[in-house]
$ cat start_24.cif   # mmCIF, C-alpha atoms and all ligand atoms
data_coords
#
loop_
_atom_site.label_atom_id
_atom_site.label_comp_id
_atom_site.auth_asym_id
_atom_site.auth_seq_id
_atom_site.Cartn_x
_atom_site.Cartn_y
_atom_site.Cartn_z
CA MET E 1 90.21 124.58 -136.67
CA ILE E 2 92.03 123.93 -133.41
CA ASP E 3 95.19 125.91 -132.60
CA TYR E 4 97.39 123.06 -131.40
CA TYR E 5 99.94 125.48 -129.96
CA GLN E 6 97.53 126.35 -127.14
CA TYR E 7 98.34 123.00 -125.57
CA PRO E 8 99.13 122.03 -122.91
CA ASP E 9 97.24 124.45 -120.66
CA LEU E 10 98.87 125.97 -117.59
CA ASN E 11 98.33 122.76 -115.61
CA GLY E 12 99.89 120.58 -118.27
CA HIS E 13 96.62 119.23 -119.65
CA PHE E 14 96.02 118.24 -123.24
CA GLU E 15 92.27 118.29 -122.53
CA GLN E 16 91.65 115.05 -120.57
CA PHE E 17 95.25 113.83 -120.98
CA GLY E 18 98.50 114.78 -119.25
CA GLY E 19 98.44 116.74 -116.01
CA ILE E 20 100.20 115.82 -112.78
CA PHE E 21 99.50 112.67 -110.78
CA ALA E 22 102.10 112.80 -108.07
CA SER E 23 102.54 112.86 -104.33
CA GLU E 24 102.37 116.11 -102.39
CA THR E 25 106.14 116.09 -101.88
CA LEU E 26 106.79 115.79 -105.59
CA MET E 27 104.51 118.74 -106.34
CA HIS E 28 107.13 121.09 -104.98
CA CYS E 29 109.86 119.70 -107.28
CA LEU E 30 107.57 119.90 -110.30
CA LYS E 31 106.55 123.47 -109.55
CA GLU E 32 110.17 124.57 -109.23
CA LEU E 33 110.97 122.77 -112.50
CA SER E 34 108.03 124.33 -114.35
CA GLU E 35 108.93 127.83 -113.26
CA SER E 36 112.58 127.38 -114.19
CA TYR E 37 111.67 125.90 -117.56
CA GLN E 38 109.30 128.75 -118.44
CA LYS E 39 112.12 131.16 -117.61
CA VAL E 40 114.76 129.54 -119.81
CA LYS E 41 112.28 128.94 -122.62
CA ASP E 42 112.16 132.69 -123.15
CA SER E 43 115.80 133.37 -122.34
CA LYS E 44 117.94 134.33 -125.33
CA ALA E 45 121.13 133.25 -123.56
CA PHE E 46 119.75 129.78 -122.81
CA GLN E 47 118.44 129.26 -126.34
CA LYS E 48 121.77 130.41 -127.76
CA GLU E 49 123.71 127.92 -125.65
CA PHE E 50 121.26 125.10 -126.47
CA HIS E 51 121.50 125.72 -130.21
CA ASN E 52 125.25 126.07 -130.00
CA ASP E 53 125.47 122.63 -128.33
CA LEU E 54 123.11 121.13 -130.91
CA ALA E 55 125.38 122.41 -133.67
CA HIS E 56 128.80 121.65 -132.22
CA TYR E 57 128.25 118.69 -129.88
CA VAL E 58 125.30 116.85 -131.43
CA GLY E 59 126.27 117.74 -135.02
CA ARG E 60 123.05 119.36 -136.22
CA PRO E 61 121.40 120.06 -138.55
CA SER E 62 120.84 116.43 -139.51
CA PRO E 63 120.32 115.94 -143.26
CA LEU E 64 116.95 115.49 -144.95
CA TYR E 65 117.84 112.74 -147.41
CA HIS E 66 115.95 111.76 -150.55
CA ALA E 67 115.95 107.94 -150.49
CA LYS E 68 115.76 107.53 -154.26
CA ARG E 69 116.50 103.82 -154.47
CA LEU E 70 114.03 103.00 -151.72
CA THR E 71 111.44 105.16 -153.49
CA GLN E 72 112.09 103.30 -156.74
CA THR E 73 111.94 99.90 -155.06
CA VAL E 74 108.67 100.66 -153.29
CA GLY E 75 107.03 102.55 -156.19
CA GLY E 76 104.82 105.51 -155.37
CA ALA E 77 105.41 108.65 -153.32
CA GLN E 78 108.88 110.14 -152.83
CA ILE E 79 110.47 108.97 -149.57
CA TRP E 80 112.64 111.34 -147.54
CA LEU E 81 114.56 110.38 -144.41
CA LYS E 82 115.24 112.80 -141.56
CA ARG E 83 118.64 111.51 -140.45
CA GLU E 84 118.55 111.61 -136.63
CA ASP E 85 120.75 108.50 -136.81
CA LEU E 86 123.65 110.79 -137.67
CA ASN E 87 123.52 112.66 -134.34
CA HIS E 88 126.26 112.13 -131.76
CA THR E 89 125.42 108.87 -129.91
CA GLY E 90 123.28 107.78 -132.86
CA ALA E 91 119.70 108.82 -132.11
CA HIS E 92 117.34 111.71 -131.40
CA LYS E 93 117.49 111.23 -127.61
CA ILE E 94 120.55 113.45 -127.25
CA ASN E 95 118.53 116.55 -128.34
CA ASN E 96 116.54 116.25 -125.13
CA THR E 97 119.35 115.35 -122.72
CA VAL E 98 121.46 118.27 -123.98
CA GLY E 99 118.51 120.59 -123.28
CA GLN E 100 117.63 119.19 -119.86
CA ILE E 101 121.20 119.22 -118.55
CA LEU E 102 121.54 122.90 -119.48
CA LEU E 103 118.38 123.52 -117.49
CA ALA E 104 119.83 121.51 -114.57
CA LYS E 105 122.91 123.71 -114.67
CA ALA E 106 120.79 126.87 -114.80
CA MET E 107 118.92 125.65 -111.72
CA GLY E 108 122.19 125.00 -109.87
CA LYS E 109 121.65 121.23 -109.59
CA THR E 110 124.74 119.06 -109.24
CA ARG E 111 123.34 115.53 -109.27
CA ILE E 112 121.58 114.00 -112.30
CA ILE E 113 119.25 111.00 -112.15
CA ALA E 114 117.49 109.10 -114.93
CA GLU E 115 115.56 105.90 -115.51
CA THR E 116 116.26 103.63 -118.43
CA GLY E 117 114.73 100.53 -120.01
CA ALA E 118 116.94 99.36 -122.84
CA GLY E 119 119.68 101.71 -121.73
CA GLN E 120 119.54 104.18 -124.61
CA HIS E 121 118.21 107.08 -122.54
CA GLY E 122 120.64 106.11 -119.77
CA VAL E 123 123.54 106.36 -122.20
CA ALA E 124 122.29 109.70 -123.61
CA THR E 125 122.04 111.06 -120.05
CA ALA E 126 125.41 109.67 -118.92
CA THR E 127 126.95 111.26 -122.03
CA VAL E 128 125.84 114.81 -121.25
CA ALA E 129 126.57 114.37 -117.54
CA ALA E 130 130.15 113.36 -118.39
CA ARG E 131 130.49 116.42 -120.57
CA MET E 132 129.23 118.71 -117.80
CA GLY E 133 131.20 116.95 -115.07
CA LEU E 134 128.03 116.16 -113.08
CA LYS E 135 127.36 113.09 -110.95
CA CYS E 136 124.94 110.75 -112.74
CA ILE E 137 122.82 107.93 -111.33
CA VAL E 138 120.76 105.72 -113.63
CA TYR E 139 117.97 103.45 -112.35
CA MET E 140 117.51 100.28 -114.35
CA GLY E 141 115.49 97.11 -113.75
CA GLU E 142 117.53 94.03 -112.87
CA VAL E 143 116.04 92.13 -115.83
CA ASP E 144 116.98 94.96 -118.21
CA ILE E 145 120.50 95.11 -116.77
CA GLN E 146 120.97 91.48 -117.76
CA ARG E 147 119.42 91.97 -121.20
CA GLN E 148 121.39 95.12 -122.01
CA ALA E 149 124.86 94.45 -120.67
CA ILE E 150 126.64 96.53 -123.32
CA ASN E 151 124.67 99.68 -122.54
CA VAL E 152 125.28 99.15 -118.82
CA TYR E 153 129.03 99.01 -119.49
CA ARG E 154 128.76 102.07 -121.75
CA MET E 155 127.13 104.06 -118.93
CA LYS E 156 129.84 102.95 -116.51
CA LEU E 157 132.56 104.01 -118.96
CA LEU E 158 130.88 107.41 -119.05
CA GLY E 159 131.17 107.61 -115.27
CA ALA E 160 127.54 106.93 -114.35
CA GLU E 161 126.44 104.74 -111.47
CA VAL E 162 123.82 102.18 -112.55
CA ILE E 163 121.47 101.17 -109.74
CA SER E 164 119.73 97.83 -110.13
CA VAL E 165 115.99 97.90 -109.34
CA ASN E 166 114.64 94.65 -107.91
CA SER E 167 111.01 95.57 -107.23
CA GLY E 168 107.97 94.50 -109.29
CA SER E 169 108.76 93.11 -112.71
CA LYS E 170 112.33 94.52 -112.44
CA THR E 171 111.93 96.47 -115.68
CA LEU E 172 111.36 100.03 -116.90
CA LYS E 173 108.20 100.90 -114.95
CA ASP E 174 109.86 99.87 -111.69
CA ALA E 175 112.96 101.91 -112.58
CA LEU E 176 110.64 104.92 -113.16
CA ASN E 177 109.12 104.56 -109.69
CA GLU E 178 112.55 104.28 -108.09
CA ALA E 179 113.83 107.38 -109.88
CA MET E 180 110.77 109.35 -108.71
CA ARG E 181 111.44 108.19 -105.13
CA ASP E 182 115.07 109.30 -105.34
CA TRP E 183 113.98 112.70 -106.66
CA VAL E 184 111.59 113.35 -103.79
CA SER E 185 114.29 112.57 -101.22
CA ASN E 186 117.09 114.56 -102.89
CA VAL E 187 115.30 117.45 -104.56
CA ASP E 188 117.69 120.12 -103.30
CA ASP E 189 120.64 119.09 -105.44
CA THR E 190 119.04 116.63 -107.91
CA PHE E 191 117.64 117.00 -111.42
CA TYR E 192 115.59 114.16 -112.95
CA ILE E 193 116.08 113.82 -116.73
CA ILE E 194 113.09 111.99 -118.25
CA GLY E 195 113.73 110.46 -121.66
CA THR E 196 110.47 110.80 -123.55
CA VAL E 197 107.36 113.01 -123.83
CA ALA E 198 105.79 111.32 -120.80
CA GLY E 199 105.98 111.96 -117.05
CA PRO E 200 104.08 114.62 -115.10
CA ALA E 201 103.91 118.22 -116.43
CA PRO E 202 106.10 119.98 -117.49
CA TYR E 203 108.05 117.00 -118.92
CA PRO E 204 105.83 116.20 -121.96
CA GLU E 205 105.99 119.82 -123.11
CA MET E 206 109.66 120.28 -122.29
CA VAL E 207 110.89 117.07 -123.96
CA ARG E 208 108.77 117.90 -127.00
CA ASP E 209 110.24 121.40 -127.21
CA PHE E 210 113.83 120.14 -127.03
CA ASN E 211 113.13 117.61 -129.80
CA SER E 212 111.10 120.02 -131.95
CA ILE E 213 114.36 121.02 -133.65
CA ILE E 214 113.75 117.88 -135.77
CA GLY E 215 110.58 119.25 -137.38
CA LYS E 216 111.87 122.82 -137.57
CA GLU E 217 114.85 121.69 -139.59
CA ALA E 218 112.80 119.28 -141.70
CA LYS E 219 110.31 121.99 -142.64
CA GLU E 220 113.01 124.39 -143.72
CA GLN E 221 115.03 121.72 -145.53
CA PHE E 222 112.00 120.41 -147.40
CA ASP E 223 111.01 123.89 -148.53
CA LYS E 224 114.55 124.53 -149.76
CA GLN E 225 115.10 121.15 -151.44
CA VAL E 226 111.61 120.61 -152.88
CA GLY E 227 109.42 123.62 -152.15
CA GLY E 228 106.30 123.89 -150.01
CA LEU E 229 105.21 121.31 -147.47
CA PRO E 230 105.50 117.52 -147.45
CA ASP E 231 102.27 115.49 -147.73
CA ALA E 232 102.90 113.17 -144.81
CA LEU E 233 105.19 112.60 -141.83
CA VAL E 234 105.84 109.16 -140.36
CA ALA E 235 107.57 108.37 -137.06
CA CYS E 236 107.69 105.44 -134.65
CA VAL E 237 106.09 105.88 -131.23
CA GLY E 238 107.42 104.40 -128.02
CA GLY E 239 106.83 107.18 -125.50
CA GLY E 240 106.62 109.41 -128.54
CA SER E 241 109.47 111.93 -128.36
CA ASN E 242 110.94 111.53 -131.83
CA ALA E 243 107.43 111.64 -133.31
CA MET E 244 106.41 114.77 -131.35
CA GLY E 245 109.77 116.30 -132.27
CA LEU E 246 109.00 115.86 -135.97
CA PHE E 247 105.25 116.62 -135.79
CA HIS E 248 105.22 119.71 -133.60
CA GLU E 249 106.29 122.26 -136.20
CA PHE E 250 103.57 120.98 -138.58
CA LEU E 251 100.62 120.66 -136.17
CA ASN E 252 98.74 123.65 -137.57
CA ASP E 253 99.50 122.75 -141.21
CA GLU E 254 96.31 120.85 -141.99
CA THR E 255 97.48 119.49 -145.34
CA VAL E 256 100.33 117.57 -143.72
CA HIS E 257 99.13 114.12 -142.62
CA LEU E 258 100.75 112.75 -139.46
CA PHE E 259 101.32 109.04 -138.79
CA GLY E 260 102.62 107.61 -135.51
CA VAL E 261 103.65 103.98 -135.79
CA GLU E 262 103.14 101.77 -132.74
CA ALA E 263 104.85 98.43 -132.23
CA ALA E 264 102.52 95.52 -132.97
CA GLY E 265 105.15 93.04 -131.69
CA HIS E 266 104.10 89.44 -132.36
CA GLY E 267 100.78 90.72 -133.76
CA MET E 268 97.74 92.38 -132.18
CA ARG E 269 95.91 89.12 -131.55
CA SER E 270 98.88 87.65 -129.66
CA GLY E 271 98.47 90.35 -127.01
CA GLN E 272 102.27 90.65 -127.09
CA HIS E 273 102.77 94.17 -128.38
CA ALA E 274 103.30 97.75 -127.22
CA ALA E 275 100.44 99.51 -129.03
CA SER E 276 99.00 101.62 -126.19
CA ILE E 277 96.81 103.82 -128.40
CA ASN E 278 95.55 101.06 -130.67
CA ASP E 279 94.86 98.55 -127.93
CA GLY E 280 95.38 100.09 -124.48
CA GLU E 281 93.14 101.65 -121.84
CA ILE E 282 93.00 105.19 -120.51
CA GLY E 283 94.85 105.24 -117.21
CA VAL E 284 97.66 106.79 -115.23
CA LEU E 285 101.32 105.94 -115.71
CA HIS E 286 104.46 107.86 -114.88
CA GLY E 287 102.55 110.77 -113.37
CA ASN E 288 100.16 111.58 -116.24
CA ARG E 289 96.85 110.41 -117.71
CA THR E 290 97.17 108.75 -121.09
CA HIS E 291 96.71 105.45 -122.93
CA VAL E 292 98.41 102.60 -121.07
CA MET E 293 98.79 98.86 -121.42
CA SER E 294 96.98 97.44 -118.41
CA ASP E 295 95.09 94.35 -117.29
CA ASP E 296 91.45 94.18 -116.11
CA ASP E 297 92.49 95.38 -112.64
CA GLY E 298 94.22 98.41 -114.07
CA GLN E 299 97.70 97.02 -113.38
CA ILE E 300 100.37 97.96 -115.92
CA ILE E 301 101.39 94.90 -117.93
CA GLU E 302 104.61 93.88 -119.65
CA THR E 303 104.76 94.80 -123.31
CA HIS E 304 106.67 93.25 -126.17
CA SER E 305 108.47 94.64 -129.19
CA ILE E 306 111.50 93.47 -131.11
CA SER E 307 112.83 96.99 -130.52
CA ALA E 308 113.66 97.77 -126.92
CA GLY E 309 112.99 101.49 -127.40
CA LEU E 310 109.33 100.95 -128.31
CA ASP E 311 108.77 98.55 -125.41
CA TYR E 312 107.06 101.13 -123.14
CA PRO E 313 103.62 100.42 -121.62
CA GLY E 314 102.28 103.94 -122.21
CA VAL E 315 102.47 106.85 -124.61
CA GLY E 316 102.99 110.57 -124.18
CA PRO E 317 99.73 112.44 -123.38
CA GLU E 318 100.02 114.76 -126.39
CA HIS E 319 99.79 111.74 -128.69
CA ALA E 320 96.68 110.57 -126.83
CA PHE E 321 95.30 114.06 -127.49
CA LEU E 322 96.26 114.17 -131.19
CA ASN E 323 94.60 110.77 -131.57
CA LEU E 324 91.44 112.02 -129.85
CA LYS E 325 91.29 115.02 -132.19
CA LYS E 326 92.14 112.82 -135.19
CA ARG E 327 95.01 115.21 -136.02
CA ALA E 328 97.41 112.27 -136.15
CA LYS E 329 96.69 108.69 -137.05
CA TYR E 330 98.24 105.87 -135.01
CA VAL E 331 99.05 102.84 -137.10
CA LEU E 332 100.94 99.60 -136.61
CA ALA E 333 104.02 97.70 -137.72
CA ASN E 334 104.90 94.31 -136.25
CA ASP E 335 108.28 92.70 -135.52
CA GLU E 336 108.46 90.95 -138.86
CA GLU E 337 107.59 94.05 -140.89
CA ALA E 338 110.21 96.03 -138.99
CA LEU E 339 112.86 93.37 -139.65
CA ASN E 340 112.03 93.34 -143.36
CA ALA E 341 112.24 97.13 -143.50
CA PHE E 342 115.59 96.99 -141.67
CA HIS E 343 117.00 94.67 -144.33
CA LEU E 344 115.55 96.55 -147.30
CA LEU E 345 116.81 99.99 -146.21
CA THR E 346 120.21 98.50 -145.47
CA GLU E 347 120.42 96.81 -148.87
CA VAL E 348 119.12 99.58 -151.14
CA GLU E 349 120.36 102.71 -149.37
CA GLY E 350 123.33 101.54 -147.30
CA ILE E 351 121.67 102.82 -144.13
CA LEU E 352 121.15 100.53 -141.13
CA PRO E 353 118.11 101.88 -139.26
CA ALA E 354 117.51 101.26 -135.55
CA LEU E 355 114.83 98.59 -135.10
CA GLU E 356 112.60 101.33 -133.63
CA SER E 357 113.00 103.48 -136.75
CA ALA E 358 112.48 100.41 -138.95
CA HIS E 359 108.84 100.40 -137.76
CA ALA E 360 108.43 103.87 -139.26
CA VAL E 361 110.16 102.77 -142.45
CA ALA E 362 107.86 99.73 -142.69
CA TYR E 363 104.70 101.84 -142.47
CA GLY E 364 106.17 104.63 -144.61
CA MET E 365 106.72 102.18 -147.44
CA LYS E 366 103.10 100.95 -147.26
CA LEU E 367 101.89 104.54 -147.37
CA ALA E 368 104.18 105.45 -150.29
CA GLN E 369 102.79 102.58 -152.30
CA LYS E 370 99.28 104.01 -152.00
CA LEU E 371 100.27 107.51 -153.16
CA GLU E 372 101.23 109.07 -156.49
CA LYS E 373 104.84 109.84 -157.45
CA ASP E 374 104.37 113.59 -156.98
CA LYS E 375 103.61 113.19 -153.26
CA HIS E 376 106.30 113.41 -150.59
CA ILE E 377 106.66 111.52 -147.30
CA ILE E 378 109.19 112.31 -144.58
CA ILE E 379 110.11 109.34 -142.38
CA ASN E 380 111.95 110.07 -139.13
CA LEU E 381 114.99 107.85 -138.97
CA SER E 382 115.19 108.20 -135.19
CA GLY E 383 118.39 106.21 -134.75
CA ARG E 384 121.06 104.01 -136.27
CA GLY E 385 120.91 100.24 -136.23
CA ASP E 386 124.44 99.31 -135.20
CA LYS E 387 123.18 98.71 -131.65
CA ASP E 388 120.71 96.11 -132.98
CA VAL E 389 123.01 94.06 -135.18
CA HIS E 390 123.62 91.44 -132.46
CA THR E 391 119.89 91.07 -131.71
CA ILE E 392 119.09 90.63 -135.40
CA ALA E 393 121.88 88.11 -135.96
CA ALA E 394 120.71 86.08 -132.94
CA LEU E 395 117.08 86.15 -134.15
CA GLU E 396 118.15 84.92 -137.55
CA GLY E 397 120.35 82.22 -136.10
CA ILE E 398 123.58 83.71 -137.36
CA GLU E 399 126.70 83.53 -135.21
CA VAL E 400 128.77 86.70 -135.14
C1 LIG J 1 114.23 105.43 -127.52
C2 LIG J 1 114.09 105.38 -128.98
C3 LIG J 1 112.83 105.46 -129.61
C4 LIG J 1 111.53 105.54 -128.85
O1 LIG J 1 111.38 106.67 -128.07
P1 LIG J 1 110.36 107.84 -128.46
O2 LIG J 1 110.29 108.65 -127.23
O3 LIG J 1 109.08 107.22 -128.84
O4 LIG J 1 110.96 108.57 -129.60
C5 LIG J 1 112.78 105.45 -130.99
N1 LIG J 1 113.90 105.34 -131.74
C6 LIG J 1 115.13 105.24 -131.17
C7 LIG J 1 116.31 105.10 -132.06
C8 LIG J 1 115.26 105.26 -129.79
O5 LIG J 1 116.47 105.15 -129.24
#

$ encode --input "start_24.cif" --output "structure tokens"
Amino acid sequence: MIDYYQYPDLNGHFEQFGGIFASETLMHCLKELSESYQKVKDSKAFQKEFHNDLAHYVGRPSPLYHAKRLTQTVGGAQIWLKREDLNHTGAHKINNTVGQILLAKAMGKTRIIAETGAGQHGVATATVAARMGLKCIVYMGEVDIQRQAINVYRMKLLGAEVISVNSGSKTLKDALNEAMRDWVSNVDDTFYIIGTVAGPAPYPEMVRDFNSIIGKEAKEQFDKQVGGLPDALVACVGGGSNAMGLFHEFLNDETVHLFGVEAAGHGMRSGQHAASINDGEIGVLHGNRTHVMSDDDGQIIETHSISAGLDYPGVGPEHAFLNLKKRAKYVLANDEEALNAFHLLTEVEGILPALESAHAVAYGMKLAQKLEKDKHIIINLSGRGDKDVHTIAALEGIEV
């Protein structure tokens, strides 16, 4: 059996995936970052401060909740929800930004930059920058700025400067490129906070580590509340940080089945989806080799999902690796299934899931139906759905 904790290797490779695809000038920034991260990873003082912030600022531990009515409604295995929606700011993303900003401080950086698509990572970054009193610049595509006006205003309230990116398709991938460019030119005082388990090494490892608190807590909570290990874990996959955060602690526990749920959007045959593992190519995006959504010329294409957070044209390299090794299975939920799951969870448990998380709920329910009542599934509820209420109302033709 493979020891999954040997990965990535010293150069950030998960076998053929990951690594560093970056310009010579960026290499210096990444090397400095890697060295600093390895130092704080082993530092008791850093870990103490990080865990203190998780407890008193983020509000951890998040509960592991037995969704009894959902279990009854679905029929089959017991469904448990890891409640990342109850974190400060309403999703798992804050686990990572709290960690990275502490590292920025340890490195003596005074200027924080980030890229954002839907604005959720931008808000999570602006939040911790406000708390630390650090200057924060968020790159965002012009198209996304128009689509996500509320999150843009939220970032401004938090004191961040939002820079509109007008190149290419004016969306997330162009914002990524612009943030990288900024970093190269301002490396002396600037720290780049990436929002998912993608990017060049050491980001995939670092973002995973900061989110791995999710699985550590879940393992302990499950053992205490039920005993032993769960049978399966289910999480949605955009870049893959909430999924890696839940999976990591269980990677070497062979009996625990792992399911990453990709967004099938309007359906796989429509071509309008964001399922990079199920229907992408191997390529380079965001400084690492992984599965990407690209056309015949290798150009990154626009993806579609009802949930903005899953609308990313790649996936973290560790997921590409877990797929290759068949340690995790990557499955699908489309827009309609996610919407139905959103409504059902809201109606039977009084919990509004984020549309991203609703993809995990949709697949989790299908899985539960196939299993006996004495089996247990943990679904990562990566975020709360309040942010999506307007989108859903508009889709359903309801005026609010
Ligand atoms: C951003 C986001 C996601 C997708 O990001 P991952 O890196 O794949 O976890 C999922 N759920 C919520 C609530 C998000 O905000």

$ residues_near_ligand --input "start_24.cif" --ligand "ligand LIG 1 (chain J)" --cutoff "6 Å" --atoms "all atoms listed in the file" --output "PyMOL selection string"
chain E and resi 91+120+196+237-243+309-310+354+356-357+382-383

$ closest_atom_pairs --input "start_24.cif" --of "range 112-182 of chain E" --to "range 280-303 of chain E" --cutoff "8 Å" --atoms "all atoms listed in the file" --output "tab-separated table"
residue	atom	partner	partner_atom	distance
E:Lys173	CA	E:His286	CA	7.9
E:Leu176	CA	E:His286	CA	7.1
E:Asn177	CA	E:His286	CA	7.7

$ closest_atom_pairs --input "start_24.cif" --of "range 112-197 of chain E" --to "range 53-77 of chain E" --cutoff "12 Å" --atoms "all atoms listed in the file" --output "tab-separated table"
residue	atom	partner	partner_atom	distance
E:Ala124	CA	E:Val58	CA	11.0
E:Thr127	CA	E:Tyr57	CA	10.9
E:Val128	CA	E:Tyr57	CA	9.8
E:Arg131	CA	E:Tyr57	CA	9.8
E:Met132	CA	E:Asp53	CA	11.8

$ residues_near_point --input "start_24.cif" --point "(115.8, 96.0, -114.8)" --cutoff "10 Å" --atoms "all atoms listed in the file" --output "list of chain:residue names"
E:Glu115, E:Thr116, E:Gly117, E:Ala118, E:Gly119, E:Tyr139, E:Met140, E:Gly141, E:Glu142, E:Val143, E:Asp144, E:Ile145, E:Gln146, E:Arg147, E:Gln148, E:Ile163, E:Ser164, E:Val165, E:Asn166, E:Ser167, E:Gly168, E:Ser169, E:Lys170, E:Thr171, E:Leu172, E:Lys173, E:Asp174, E:Ala175

$ closest_residue --input "start_24.cif" --among "E:Gln272, E:Thr255, E:Gln6, E:Gln78" --to "Gln369 in chain E" --atoms "only C-alpha atoms"
E:Gln78

$ closest_atom_pairs --input "start_24.cif" --of "range 306-387 of chain E" --to "range 214-217 of chain E" --cutoff "12 Å" --atoms "all atoms listed in the file" --output "JSON lines"
{"residue": "E:Ile378", "atom": "CA", "partner": "E:Gly215", "partner_atom": "CA", "distance": 10.1}
{"residue": "E:Ile379", "atom": "CA", "partner": "E:Gly215", "partner_atom": "CA", "distance": 11.1}
{"residue": "E:Asn380", "atom": "CA", "partner": "E:Ile214", "partner_atom": "CA", "distance": 8.7}
{"residue": "E:Leu381", "atom": "CA", "partner": "E:Ile214", "partner_atom": "CA", "distance": 10.6}
{"residue": "E:Ser382", "atom": "CA", "partner": "E:Ile214", "partner_atom": "CA", "distance": 9.8}

$ atom_distance --input "start_24.cif" --atom1 "CA of Val197 in chain E" --atom2 "CA of Ala308 in chain E"
16.8 Å

$ atom_distance --input "start_24.cif" --atom1 "CA of Thr89 in chain E" --atom2 "CA of Ile392 in chain E"
20.1 Å

$ closest_residue --input "start_24.cif" --among "E:Leu81, E:Val152, E:Ile112, E:Leu355" --to "Asp311 in chain E" --atoms "only C-alpha atoms"
E:Leu355

$ residues_near_point --input "start_24.cif" --point "(111.6, 118.2, -117.4)" --cutoff "9 Å" --atoms "all atoms listed in the file" --output "NGL selection string"
:E and (30 or 33-34 or 37 or 100 or 103 or 191-194 or 199-207)

$ residues_around --input "start_24.cif" --residues "Lys156 in chain E" --least-positions-apart "2" --cutoff "12 Å" --atoms "all atoms listed in the file" --output "list of chain:residue names"
E:Gly119, E:Gly122, E:Val123, E:Thr125, E:Ala126, E:Thr127, E:Ala129, E:Ala130, E:Lys135, E:Cys136, E:Ile137, E:Val138, E:Ala149, E:Ile150, E:Asn151, E:Val152, E:Tyr153, E:Arg154, E:Leu158, E:Gly159, E:Ala160, E:Glu161, E:Val162, E:Ile163
